[in-house]
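Participant: Below: one structure in structure tokens.
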Amino acid sequence: MTSDPLLQPFRLKHLTLKNRVMSSSHEPAYSEDGMPKERYRLYHAEKAKGGMALTMTAGSAIVSRDSPAAFGNLQAYRDEIVPWMRALAASCHEHDCKVMIQLTHLGRRTGWNKADWLPVLSASPVREPAHRSFPKIAEDWDIERIVADYASAAQRMQEAGLDGIEFEAYGHLMDGFWSPATNHRDDDYGGSLDNRLRFTWQVIDAVRKAVGDDFIVGIRMVADEDFATGLSRDEGVEIARRLAGSGKFDFLNIIRGSIETDAALTKVIPIAGMRSAPHLDFAGEVKAATKFPVFHAARISDVATARHAIASGKLDMVGMTRAHIADPHIVRKVIEGREHQIRPCVGATYCLDRIYEGGEALCIHNAATGREATIPQSIERSSRPAKSVVVVGAGPGGLEAARVAAERGHAVTVLEASGQAGGQVRLAAQNQRRRELIGIVDWRLAELERLGVEIRFDTWAEKDDVLALSPDVVVVATGGLPQNPPLEAGGDLVTSSWDIIAGAVKPAENVLLYDDNGGHQGMTAAELAAEAGSKLELLSPERFFAPEMGGMNHAPYMRAFHEKGVAITINTRLRAVRREGNQLVATLSSDFAQGWQGERRVDQVVVEHGTLPLDDLYLALKPLSINGGAVDYERLVEGGDIFPETNSDGGFVLYRIGDAVAARNIHAAIYDAVRFGIRY
Ligand SMILES: Cc1cc2nc3c(=O)[nH]c(=O)nc-3n(C[C@H](O)[C@H](O)[C@H](O)COP(=O)(O)O)c2cc1C
Ligand code: SF4
């Protein structure tokens with residue numbers, strides 16, 4: 001019997017949770033037609049296989065039609081969901097992982113111009129900034145039907161064989177009644193705390209009537225909105241006390257903060273560069289005040305912190321949600337003494353930013369998550385004969401290609417031109433706020449060491465160097481070099497954002513930074529220049545700046561820009577740069593007004609326009625390869641051999657990945673590496 005606090009069982013009513021690790025509710029936007037189909041099932045089953053005790057499925061599964069999906073939410077108001085949830089639960093139960101679901105009415109946290117075009121509602125008509133909705137006031141007949149909707153949704157989940165449910169009560173309809181910021185009513189639902197809790201009691205009573213006393217029902221609730229006009233800590237803790245003392249709930253899942261703006265949301269779900277476990281003590285205080293089972297998740301991403309959360313008695317169940325998106329096998333690795341092999345969550349929050357931009361949750365450096373049907377989380381040995389694989393480039397894509405090939409049982413050599421691994425990730429981690437990104441590199445280096453892969457640093461690989469290794473497979477992962485945006489003149493006068501980030505060029509006193517890429521690179525250079533004291537203007541041709549970055553990652557950049565007085569100009573292109581005396585004059589143009597021209601006089605013009613592939617080696621090897629560098633995309637997606645034999649005299653299979661193909665991002669490089677690598 002282990003003494004690890006994380007691995008101790010927890011008894012919740014009649015249910016035994018086999019350890020203390022859970023994934024809190026999150027909508028990965030893997031739903032299809034609002035249903036949790038195969039992709040959804042496999043995603044949760046993988047975590048179950050990985051050893052976690054409880055997976056809280058869905059994120060904000062919606063109980064009513066007038067709560068349309070904001071980010072792929074499951075539709076708990078439809079009977080069709082029952083067989084899908086039943087299949088999902090059965091797959092998790094096979095591994096003794098308990099399954100619950102979060103139910104909600106999104107209230108004002110969605111849009112009226114979606115699904116059935118029904119008006120959104122809330123306790124009072126207070127606009128929600130993040131979704132730009134102007135809600136109507138919930139009327140008596142609205143309350144009546146929504147209470148009934150909660151009850152029937154709960155019943156569906158019981159019928160599907162789930163182990164329980166939780167209500168969502170932060171930023172949604174239920175807590176919209178609690179908060180003085182969103183409840184201005186003067187009827188039975190407003191004013192006193194008793195009145196503001198009325199809707200919650202109606203819901204829980206109806207749900208209990210529908211599912212009985214034995215079914216587990218909890219609540220994920222805000223116990224302190226942490227802003228001046230919001231729900232105070234005193235009232236929040238009092239609500240927790242009342243709910244816990246009512247005998248109607250089985251657990252509290254504690255939240256601190258508000259989610260009505262991107263900036264506020266990052267405090268509830270902190271991203272890279274923010275404090276670890278910022279609300280753990282608060283959750284512990286609620287536990288002490290209520291003496292009730294308490295769950296909590298907020299950037300408890302490493303096992304040591306999770307262990308502390310349980311050992312110190314602050315929590316009963318610890319949510320490691322993004323940590324499991326990065327590595328669904330955390331608990332198994334702990335049990336097997338392989339804690340050091342856990343792929344770390346680096347806080348990039350690519351996962352969450354994608355769902356708010358209409359995409360599905362993907363981990364920046366685990367391409368298998370959400371793709372369990374086609375990419376295994378644990379790479380298996382190839383059934384084919386072992387090959388000699390040469391990987392050129394030790395950026396994230398090259399390291400991943402090497403890792404996958406080594407796991408497949410091939411003999412791998414990595415050639416890296418510089419003295420260090422990491423490529424653009426190492427550059428991105430120069431931003432102190434995002435230094436955790438280096439975990440993407442360090443984890444792979446540790447895995448390569450374990451797998452016995454040799455990396456030859458300071459080795460600029462030419463064609464003959466590669467051929468000398470007699471490879472069966474060559475993976476070109478040489479990345480790219482920064483390119484200038486198209487300029488009428490003055491390309492030789494501008495500074496690349498890379499040079500600013502790498503510290504090769506110091507930011508000048510007056511800087512114009514033109515970002516025609518839209519991702520982190522330009523923003524990082526801007527943040528570094530502003531921090532260094534430059535008077536900075538950020539220029540973007542887009543309707544809003546950095547459009548490739550989601551709202552959560554936007555927040556800390558914007559904070560720095562406000563604090564440092566960075567000027568931001570959108571809808572404007574950089575056309576040309578010329579020198580005048582010891583200054584540079586930038587000419588600006590507009591896509592919208594043909595004759596318009598602007599001018600800026602500065603000391604330095606910094607540009608960001610992505611990269612051009614470093615493809616000399618690839619082009620030199622191409623004629624010598626079996627497949628001429630070709631990849632059969634149809635087969636890559638549908639199955640079959642992906643490297644066509646176009647040259648019977650060729651000596652090896654050749655392919656390139658990541659930015660060596662075209663400027664993309666870390667996830668794309670890692671996805672390329674793994675999806676090609678598992679095919680031979
Ligand atoms: C992709 C994604 C979607 C999420 N959706 C929800 C949601 O619908 N409801 C909810 O209560 N929390 C949601 N969350 C928040 C998580 O439950 C959790 O509180 C948050 O990720 C912080 O925990 P962590 O640091 O362990 O990831 C979501 C998180 C992610 C990553
Ligand atoms: S994208 Fe970043 S925050 Fe999200 S799971 Fe992956 S490493 Fe963690």
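Naming works like this for the structure tokens: A, B, ... for the chains as they're shown, residue 1 at the start of each chain, ligands 1 onward in shown order.
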Counting only C-alpha atoms, which residues of range 596-647 of chain A sit at most 7 Å from some atom of range 460-481 of chain A, and what is each one's closest atom pair with its distance in Å to one decimal, listed by chain and rising residue number, as JSON lines?
Facilitator:
{"residue": "A:Thr611", "atom": "CA", "partner": "A:Leu481", "partner_atom": "CA", "distance": 4.9}
{"residue": "A:Leu612", "atom": "CA", "partner": "A:Gly480", "partner_atom": "CA", "distance": 5.1}
{"residue": "A:Pro613", "atom": "CA", "partner": "A:Gly480", "partner_atom": "CA", "distance": 4.0}
{"residue": "A:Leu614", "atom": "CA", "partner": "A:Gly480", "partner_atom": "CA", "distance": 4.7}
{"residue": "A:Leu617", "atom": "CA", "partner": "A:Lys463", "partner_atom": "CA", "distance": 6.2}
{"residue": "A:Tyr618", "atom": "CA", "partner": "A:Val476", "partner_atom": "CA", "distance": 6.3}
{"residue": "A:Ala620", "atom": "CA", "partner": "A:Lys463", "partner_atom": "CA", "distance": 6.4}
{"residue": "A:Leu621", "atom": "CA", "partner": "A:Lys463", "partner_atom": "CA", "distance": 6.3}
Participant: Show me which residues line ligand 1, defined as having an atom within 6 Å of a ligand atom where only C-alpha atoms and all ligand atoms count, and present them as a list in words.
Facilitator: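 Checked against 6 Å with only C-alpha atoms and all ligand atoms; the hits are Ser24, Ser25, His26, Glu27, Pro28, Gly59, Ser60, Ile269, Ala297, Ala298, Arg299, Ile300, Ser301, Gly319, Met320, Thr321, Arg322, Cys351, Leu352 and Ala361 of chain A.
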Participant: Quick one: residues within 10 Å of ligand 2, with only C-alpha atoms and all ligand atoms, as an mmCIF file with all heavy atoms, in the first residue's frame?
Facilitator:
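Output (part32.cif):
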data_model
loop_
_atom_site.group_PDB
_atom_site.id
_atom_site.type_symbol
_atom_site.label_atom_id
_atom_site.label_comp_id
_atom_site.auth_asym_id
_atom_site.auth_seq_id
_atom_site.Cartn_x
_atom_site.Cartn_y
_atom_site.Cartn_z
ATOM 1 N N ILE A 269 -8.125 31.037 -14.534
ATOM 2 C CA ILE A 269 -7.355 29.967 -15.196
ATOM 3 C C ILE A 269 -6.002 30.575 -15.573
ATOM 4 O O ILE A 269 -5.804 31.019 -16.702
ATOM 5 C CB ILE A 269 -8.091 29.453 -16.455
ATOM 6 C CG1 ILE A 269 -9.534 29.068 -16.130
ATOM 7 C CG2 ILE A 269 -7.342 28.273 -17.059
ATOM 8 C CD1 ILE A 269 -10.348 28.588 -17.331
ATOM 9 N N PRO A 270 -5.071 30.609 -14.623
ATOM 10 C CA PRO A 270 -3.817 31.329 -14.886
ATOM 11 C C PRO A 270 -2.995 30.667 -15.984
ATOM 12 O O PRO A 270 -2.981 29.438 -16.107
ATOM 13 C CB PRO A 270 -3.083 31.252 -13.543
ATOM 14 C CG PRO A 270 -4.106 30.832 -12.545
ATOM 15 C CD PRO A 270 -5.112 30.016 -13.277
ATOM 16 N N ILE A 271 -2.324 31.510 -16.764
ATOM 17 C CA ILE A 271 -1.523 30.991 -17.871
ATOM 18 C C ILE A 271 -0.038 31.099 -17.525
ATOM 19 O O ILE A 271 0.323 31.524 -16.427
ATOM 20 C CB ILE A 271 -1.857 31.722 -19.187
ATOM 21 C CG1 ILE A 271 -1.340 33.170 -19.179
ATOM 22 C CG2 ILE A 271 -3.359 31.716 -19.430
ATOM 23 C CD1 ILE A 271 -1.411 33.829 -20.550
ATOM 24 N N ALA A 272 0.803 30.710 -18.467
ATOM 25 C CA ALA A 272 2.259 30.731 -18.240
ATOM 26 C C ALA A 272 2.689 32.087 -17.691
ATOM 27 O O ALA A 272 2.185 33.123 -18.115
ATOM 28 C CB ALA A 272 2.978 30.452 -19.555
ATOM 29 N N ARG A 299 -4.280 25.889 -12.168
ATOM 30 C CA ARG A 299 -2.828 25.844 -12.375
ATOM 31 C C ARG A 299 -2.088 25.054 -11.300
ATOM 32 O O ARG A 299 -1.089 25.498 -10.733
ATOM 33 C CB ARG A 299 -2.266 27.252 -12.495
ATOM 34 C CG ARG A 299 -0.897 27.291 -13.169
ATOM 35 C CD ARG A 299 -0.647 28.664 -13.753
ATOM 36 N NE ARG A 299 0.745 29.076 -13.747
ATOM 37 C CZ ARG A 299 1.692 28.626 -14.581
ATOM 38 N NH1 ARG A 299 1.395 27.724 -15.490
ATOM 39 N NH2 ARG A 299 2.908 29.094 -14.520
ATOM 40 N N SER A 301 -0.279 22.280 -11.847
ATOM 41 C CA SER A 301 0.081 21.507 -13.040
ATOM 42 C C SER A 301 1.171 20.480 -12.795
ATOM 43 O O SER A 301 1.434 19.674 -13.663
ATOM 44 C CB SER A 301 0.463 22.443 -14.195
ATOM 45 O OG SER A 301 1.093 23.589 -13.724
ATOM 46 N N MET A 320 -6.295 18.509 -12.151
ATOM 47 C CA MET A 320 -5.082 18.756 -12.958
ATOM 48 C C MET A 320 -5.529 18.683 -14.407
ATOM 49 O O MET A 320 -5.281 17.696 -15.099
ATOM 50 C CB MET A 320 -4.017 17.711 -12.659
ATOM 51 C CG MET A 320 -3.563 17.670 -11.216
ATOM 52 S SD MET A 320 -2.220 16.473 -10.974
ATOM 53 C CE MET A 320 -0.819 17.333 -11.695
ATOM 54 N N THR A 321 -6.179 19.707 -14.843
ATOM 55 C CA THR A 321 -6.933 19.610 -16.082
ATOM 56 C C THR A 321 -6.053 19.792 -17.308
ATOM 57 O O THR A 321 -5.887 18.865 -18.108
ATOM 58 C CB THR A 321 -8.091 20.620 -16.025
ATOM 59 O OG1 THR A 321 -8.822 20.338 -14.835
ATOM 60 C CG2 THR A 321 -8.991 20.495 -17.233
ATOM 61 N N ARG A 322 -5.419 20.963 -17.418
ATOM 62 C CA ARG A 322 -4.522 21.121 -18.569
ATOM 63 C C ARG A 322 -3.345 20.157 -18.458
ATOM 64 O O ARG A 322 -2.834 19.680 -19.476
ATOM 65 C CB ARG A 322 -4.052 22.577 -18.666
ATOM 66 C CG ARG A 322 -5.110 23.496 -19.253
ATOM 67 C CD ARG A 322 -4.747 24.937 -19.102
ATOM 68 N NE ARG A 322 -4.718 25.327 -17.696
ATOM 69 C CZ ARG A 322 -4.296 26.515 -17.245
ATOM 70 N NH1 ARG A 322 -3.855 27.416 -18.089
ATOM 71 N NH2 ARG A 322 -4.331 26.795 -15.958
ATOM 72 N N ALA A 323 -2.942 19.857 -17.234
ATOM 73 C CA ALA A 323 -1.831 18.907 -17.067
ATOM 74 C C ALA A 323 -2.153 17.575 -17.755
ATOM 75 O O ALA A 323 -1.273 16.924 -18.318
ATOM 76 C CB ALA A 323 -1.557 18.687 -15.587
ATOM 77 N N HIS A 324 -3.449 17.187 -17.719
ATOM 78 C CA HIS A 324 -3.833 15.932 -18.375
ATOM 79 C C HIS A 324 -4.060 16.089 -19.870
ATOM 80 O O HIS A 324 -4.069 15.097 -20.595
ATOM 81 C CB HIS A 324 -5.077 15.337 -17.701
ATOM 82 C CG HIS A 324 -4.734 14.528 -16.489
ATOM 83 N ND1 HIS A 324 -4.535 15.104 -15.261
ATOM 84 C CD2 HIS A 324 -4.508 13.201 -16.333
ATOM 85 C CE1 HIS A 324 -4.216 14.160 -14.390
ATOM 86 N NE2 HIS A 324 -4.189 12.993 -15.018
ATOM 87 N N ILE A 325 -4.271 17.319 -20.307
ATOM 88 C CA ILE A 325 -4.316 17.537 -21.761
ATOM 89 C C ILE A 325 -2.898 17.342 -22.303
ATOM 90 O O ILE A 325 -2.683 16.756 -23.358
ATOM 91 C CB ILE A 325 -4.877 18.946 -22.084
ATOM 92 C CG1 ILE A 325 -6.337 19.061 -21.613
ATOM 93 C CG2 ILE A 325 -4.766 19.253 -23.572
ATOM 94 C CD1 ILE A 325 -6.972 20.436 -21.813
ATOM 95 N N ALA A 326 -1.922 17.794 -21.521
ATOM 96 C CA ALA A 326 -0.523 17.625 -21.933
ATOM 97 C C ALA A 326 -0.061 16.181 -21.760
ATOM 98 O O ALA A 326 0.719 15.671 -22.564
ATOM 99 C CB ALA A 326 0.376 18.564 -21.128
ATOM 100 N N ASP A 327 -0.533 15.509 -20.721
ATOM 101 C CA ASP A 327 -0.154 14.107 -20.506
ATOM 102 C C ASP A 327 -1.277 13.379 -19.777
ATOM 103 O O ASP A 327 -1.414 13.503 -18.551
ATOM 104 C CB ASP A 327 1.138 14.011 -19.677
ATOM 105 C CG ASP A 327 1.668 12.578 -19.651
ATOM 106 O OD1 ASP A 327 0.872 11.639 -19.910
ATOM 107 O OD2 ASP A 327 2.864 12.395 -19.394
ATOM 108 N N PRO A 328 -2.078 12.612 -20.499
ATOM 109 C CA PRO A 328 -3.212 11.939 -19.851
ATOM 110 C C PRO A 328 -2.798 10.765 -18.961
ATOM 111 O O PRO A 328 -3.651 10.179 -18.305
ATOM 112 C CB PRO A 328 -4.054 11.455 -21.044
ATOM 113 C CG PRO A 328 -3.126 11.411 -22.188
ATOM 114 C CD PRO A 328 -2.054 12.428 -21.954
ATOM 115 N N ARG A 343 4.961 14.372 -19.335
ATOM 116 C CA ARG A 343 5.111 15.493 -20.273
ATOM 117 C C ARG A 343 4.504 16.736 -19.609
ATOM 118 O O ARG A 343 3.318 16.735 -19.260
ATOM 119 C CB ARG A 343 4.356 15.165 -21.571
ATOM 120 C CG ARG A 343 4.585 16.161 -22.675
ATOM 121 C CD ARG A 343 3.711 15.908 -23.900
ATOM 122 N NE ARG A 343 3.626 14.535 -24.359
ATOM 123 C CZ ARG A 343 3.714 14.149 -25.644
ATOM 124 N NH1 ARG A 343 3.931 15.044 -26.572
ATOM 125 N NH2 ARG A 343 3.569 12.886 -25.990
ATOM 126 N N PRO A 344 5.283 17.779 -19.398
ATOM 127 C CA PRO A 344 4.772 18.883 -18.576
ATOM 128 C C PRO A 344 3.791 19.776 -19.314
ATOM 129 O O PRO A 344 3.921 20.008 -20.517
ATOM 130 C CB PRO A 344 6.050 19.676 -18.265
ATOM 131 C CG PRO A 344 6.937 19.426 -19.434
ATOM 132 C CD PRO A 344 6.642 18.019 -19.907
ATOM 133 N N CYS A 345 2.810 20.274 -18.571
ATOM 134 C CA CYS A 345 1.971 21.348 -19.091
ATOM 135 C C CYS A 345 2.778 22.630 -18.889
ATOM 136 O O CYS A 345 3.151 22.961 -17.770
ATOM 137 C CB CYS A 345 0.656 21.424 -18.316
ATOM 138 S SG CYS A 345 -0.289 22.899 -18.745
ATOM 139 N N VAL A 346 3.044 23.330 -19.981
ATOM 140 C CA VAL A 346 3.901 24.521 -19.888
ATOM 141 C C VAL A 346 3.088 25.813 -19.825
ATOM 142 O O VAL A 346 3.641 26.911 -19.953
ATOM 143 C CB VAL A 346 4.914 24.560 -21.055
ATOM 144 C CG1 VAL A 346 5.865 23.374 -20.970
ATOM 145 C CG2 VAL A 346 4.218 24.597 -22.411
ATOM 146 N N GLY A 347 1.777 25.655 -19.653
ATOM 147 C CA GLY A 347 0.941 26.841 -19.426
ATOM 148 C C GLY A 347 0.695 27.694 -20.663
ATOM 149 O O GLY A 347 0.183 28.813 -20.556
ATOM 150 N N ALA A 348 1.035 27.158 -21.829
ATOM 151 C CA ALA A 348 0.913 27.970 -23.052
ATOM 152 C C ALA A 348 -0.538 28.375 -23.325
ATOM 153 O O ALA A 348 -0.801 29.387 -23.973
ATOM 154 C CB ALA A 348 1.471 27.203 -24.244
ATOM 155 N N THR A 349 -1.466 27.541 -22.858
ATOM 156 C CA THR A 349 -2.900 27.810 -22.994
ATOM 157 C C THR A 349 -3.324 27.982 -24.453
ATOM 158 O O THR A 349 -4.282 28.669 -24.788
ATOM 159 C CB THR A 349 -3.325 28.978 -22.080
ATOM 160 O OG1 THR A 349 -2.756 28.730 -20.772
ATOM 161 C CG2 THR A 349 -4.819 29.076 -21.882
ATOM 162 N N TYR A 350 -2.597 27.308 -25.321
ATOM 163 C CA TYR A 350 -3.003 27.155 -26.720
ATOM 164 C C TYR A 350 -4.338 26.401 -26.747
ATOM 165 O O TYR A 350 -5.219 26.709 -27.538
ATOM 166 C CB TYR A 350 -1.906 26.365 -27.434
ATOM 167 C CG TYR A 350 -2.089 26.152 -28.911
ATOM 168 C CD1 TYR A 350 -2.110 27.231 -29.789
ATOM 169 C CD2 TYR A 350 -2.194 24.868 -29.441
ATOM 170 C CE1 TYR A 350 -2.251 27.022 -31.161
ATOM 171 C CE2 TYR A 350 -2.327 24.656 -30.803
ATOM 172 C CZ TYR A 350 -2.359 25.738 -31.659
ATOM 173 O OH TYR A 350 -2.496 25.527 -33.007
ATOM 174 N N CYS A 351 -4.466 25.433 -25.828
ATOM 175 C CA CYS A 351 -5.666 24.590 -25.738
ATOM 176 C C CYS A 351 -6.926 25.442 -25.574
ATOM 177 O O CYS A 351 -7.898 25.314 -26.324
ATOM 178 C CB CYS A 351 -5.525 23.606 -24.575
ATOM 179 S SG CYS A 351 -4.979 24.370 -23.029
ATOM 180 N N LEU A 352 -6.900 26.312 -24.608
ATOM 181 C CA LEU A 352 -8.093 27.081 -24.267
ATOM 182 C C LEU A 352 -8.331 28.210 -25.262
ATOM 183 O O LEU A 352 -9.463 28.495 -25.653
ATOM 184 C CB LEU A 352 -7.918 27.639 -22.855
ATOM 185 C CG LEU A 352 -9.167 28.072 -22.129
ATOM 186 C CD1 LEU A 352 -10.108 26.906 -21.947
ATOM 187 C CD2 LEU A 352 -8.795 28.609 -20.757
ATOM 188 N N ASP A 353 -7.248 28.838 -25.679
ATOM 189 C CA ASP A 353 -7.399 29.931 -26.637
ATOM 190 C C ASP A 353 -8.044 29.442 -27.921
ATOM 191 O O ASP A 353 -8.808 30.164 -28.556
ATOM 192 C CB ASP A 353 -6.035 30.571 -26.937
ATOM 193 C CG ASP A 353 -5.765 31.765 -26.026
ATOM 194 O OD1 ASP A 353 -6.735 32.260 -25.419
ATOM 195 O OD2 ASP A 353 -4.611 32.190 -25.923
ATOM 196 N N ARG A 354 -7.742 28.204 -28.296
ATOM 197 C CA ARG A 354 -8.321 27.693 -29.548
ATOM 198 C C ARG A 354 -9.834 27.568 -29.462
ATOM 199 O O ARG A 354 -10.532 27.849 -30.426
ATOM 200 C CB ARG A 354 -7.700 26.334 -29.894
ATOM 201 C CG ARG A 354 -6.340 26.443 -30.559
ATOM 202 C CD ARG A 354 -5.840 25.060 -30.927
ATOM 203 N NE ARG A 354 -6.775 24.362 -31.807
ATOM 204 C CZ ARG A 354 -6.778 24.452 -33.133
ATOM 205 N NH1 ARG A 354 -5.897 25.189 -33.750
ATOM 206 N NH2 ARG A 354 -7.673 23.780 -33.854
ATOM 207 N N ALA A 361 -9.798 22.064 -28.726
ATOM 208 C CA ALA A 361 -8.652 22.157 -27.811
ATOM 209 C C ALA A 361 -7.534 21.238 -28.293
ATOM 210 O O ALA A 361 -7.740 20.039 -28.467
ATOM 211 C CB ALA A 361 -9.083 21.765 -26.396
ATOM 212 N N LEU A 362 -6.374 21.813 -28.521
ATOM 213 C CA LEU A 362 -5.198 21.024 -28.868
ATOM 214 C C LEU A 362 -4.060 21.491 -27.980
ATOM 215 O O LEU A 362 -3.969 22.684 -27.675
ATOM 216 C CB LEU A 362 -4.821 21.249 -30.338
ATOM 217 C CG LEU A 362 -5.830 20.723 -31.364
ATOM 218 C CD1 LEU A 362 -5.451 21.188 -32.767
ATOM 219 C CD2 LEU A 362 -5.932 19.202 -31.319
ATOM 220 N N CYS A 363 -3.227 20.542 -27.573
ATOM 221 C CA CYS A 363 -2.095 20.912 -26.724
ATOM 222 C C CYS A 363 -0.942 21.378 -27.601
ATOM 223 O O CYS A 363 -0.650 20.762 -28.620
ATOM 224 C CB CYS A 363 -1.650 19.712 -25.893
ATOM 225 S SG CYS A 363 -0.160 20.078 -24.938
ATOM 226 N N ILE A 364 -0.282 22.418 -27.165
ATOM 227 C CA ILE A 364 0.807 22.972 -27.972
ATOM 228 C C ILE A 364 1.868 21.916 -28.264
ATOM 229 O O ILE A 364 2.441 21.901 -29.351
ATOM 230 C CB ILE A 364 1.431 24.210 -27.279
ATOM 231 C CG1 ILE A 364 2.275 24.998 -28.271
ATOM 232 C CG2 ILE A 364 2.232 23.841 -26.034
ATOM 233 C CD1 ILE A 364 2.670 26.364 -27.782
ATOM 234 N N HIS A 365 2.093 20.953 -27.331
ATOM 235 C CA HIS A 365 3.169 19.996 -27.605
ATOM 236 C C HIS A 365 2.785 18.536 -27.383
ATOM 237 O O HIS A 365 3.645 17.681 -27.227
ATOM 238 C CB HIS A 365 4.459 20.386 -26.870
ATOM 239 C CG HIS A 365 4.538 20.061 -25.416
ATOM 240 N ND1 HIS A 365 5.596 19.382 -24.875
ATOM 241 C CD2 HIS A 365 3.714 20.341 -24.390
ATOM 242 C CE1 HIS A 365 5.421 19.270 -23.569
ATOM 243 N NE2 HIS A 365 4.291 19.842 -23.254
ATOM 244 N N ASN A 366 1.483 18.277 -27.390
ATOM 245 C CA ASN A 366 1.057 16.881 -27.447
ATOM 246 C C ASN A 366 0.005 16.751 -28.547
ATOM 247 O O ASN A 366 -1.172 17.046 -28.346
ATOM 248 C CB ASN A 366 0.477 16.415 -26.114
ATOM 249 C CG ASN A 366 0.165 14.926 -26.137
ATOM 250 O OD1 ASN A 366 0.142 14.315 -27.221
ATOM 251 N ND2 ASN A 366 -0.053 14.342 -24.983
ATOM 252 N N ALA A 367 0.460 16.273 -29.701
ATOM 253 C CA ALA A 367 -0.434 16.216 -30.864
ATOM 254 C C ALA A 367 -1.406 15.043 -30.777
ATOM 255 O O ALA A 367 -2.341 14.955 -31.570
ATOM 256 C CB ALA A 367 0.387 16.128 -32.145
ATOM 257 N N THR A 369 -3.357 14.304 -28.145
ATOM 258 C CA THR A 369 -4.560 14.640 -27.370
ATOM 259 C C THR A 369 -5.646 15.181 -28.297
ATOM 260 O O THR A 369 -5.410 16.105 -29.071
ATOM 261 C CB THR A 369 -4.210 15.666 -26.275
ATOM 262 O OG1 THR A 369 -3.282 15.055 -25.380
ATOM 263 C CG2 THR A 369 -5.453 16.103 -25.514
ATOM 264 N N GLU A 436 8.639 29.039 -19.241
ATOM 265 C CA GLU A 436 8.261 27.632 -19.056
ATOM 266 C C GLU A 436 8.194 26.853 -20.366
ATOM 267 O O GLU A 436 8.228 25.629 -20.366
ATOM 268 C CB GLU A 436 6.856 27.550 -18.444
ATOM 269 C CG GLU A 436 6.795 27.756 -16.973
ATOM 270 C CD GLU A 436 5.339 27.905 -16.548
ATOM 271 O OE1 GLU A 436 4.638 26.903 -16.483
ATOM 272 O OE2 GLU A 436 4.922 29.053 -16.308
ATOM 273 N N LEU A 437 8.071 27.586 -21.482
ATOM 274 C CA LEU A 437 8.003 26.904 -22.780
ATOM 275 C C LEU A 437 9.200 25.985 -22.988
ATOM 276 O O LEU A 437 9.127 25.014 -23.743
ATOM 277 C CB LEU A 437 7.973 27.928 -23.920
ATOM 278 C CG LEU A 437 6.685 28.705 -24.148
ATOM 279 C CD1 LEU A 437 6.862 29.679 -25.296
ATOM 280 C CD2 LEU A 437 5.519 27.758 -24.447
ATOM 281 N N GLY A 439 10.189 23.839 -21.270
ATOM 282 C CA GLY A 439 9.805 22.474 -20.891
ATOM 283 C C GLY A 439 9.523 21.601 -22.110
ATOM 284 O O GLY A 439 9.712 20.380 -22.076
ATOM 285 N N ILE A 440 9.087 22.218 -23.188
ATOM 286 C CA ILE A 440 8.818 21.474 -24.436
ATOM 287 C C ILE A 440 10.120 20.838 -24.930
ATOM 288 O O ILE A 440 10.134 19.707 -25.421
ATOM 289 C CB ILE A 440 8.250 22.444 -25.509
ATOM 290 C CG1 ILE A 440 6.898 22.989 -25.068
ATOM 291 C CG2 ILE A 440 8.179 21.786 -26.869
ATOM 292 C CD1 ILE A 440 6.346 24.105 -25.969
ATOM 293 N N HIS A 667 2.835 23.578 -32.522
ATOM 294 C CA HIS A 667 1.953 22.417 -32.623
ATOM 295 C C HIS A 667 2.064 21.769 -34.000
ATOM 296 O O HIS A 667 2.118 20.542 -34.121
ATOM 297 C CB HIS A 667 0.504 22.811 -32.330
ATOM 298 C CG HIS A 667 -0.433 21.644 -32.388
ATOM 299 N ND1 HIS A 667 -0.647 20.801 -31.323
ATOM 300 C CD2 HIS A 667 -1.170 21.136 -33.404
ATOM 301 C CE1 HIS A 667 -1.479 19.842 -31.670
ATOM 302 N NE2 HIS A 667 -1.816 20.025 -32.933
#
Participant: For the structure I just gave you, how does DSSP split range 503-628 of chain A - specifically, which residues are helix (DSSP H, G or I)? Reply as a PyMOL selection string.
Facilitator: chain A and resi 520-531+551-564+616-624
Participant: Could you check which of A:Phe199, A:Tyr43, A:Phe71, A:Phe295 is closest to Leu12 in chain A, using only C-alpha atoms?
Facilitator: A:Phe295
Participant: Using only C-alpha atoms, which protein or nucleic acid residues come within 10 Å of range 174-178 of chain A? Drop anything in the same chain fewer than 5 positions from it, and give the result as an NGL selection string.
Facilitator: :A and (104-108 or 121-124 or 126 or 138 or 167-169 or 183-185 or 189-200 or 203 or 221-223 or 230-231 or 235-236 or 239)
Participant: Please provide as number ranges by chain all residues within 9 Å of Arg86 in chain A, with the sequence filter that same-chain residues fewer than 2 positions apart are discarded (counting only C-alpha atoms).
Facilitator: A: 81-84, 88-91, 157, 159-162
Participant: Taking into account only C-alpha atoms, which residue in the set A:Thr110, A:Gln483, A:Gly519, A:Arg635 is nearest to Arg664 in chain A?
Facilitator: A:Gly519
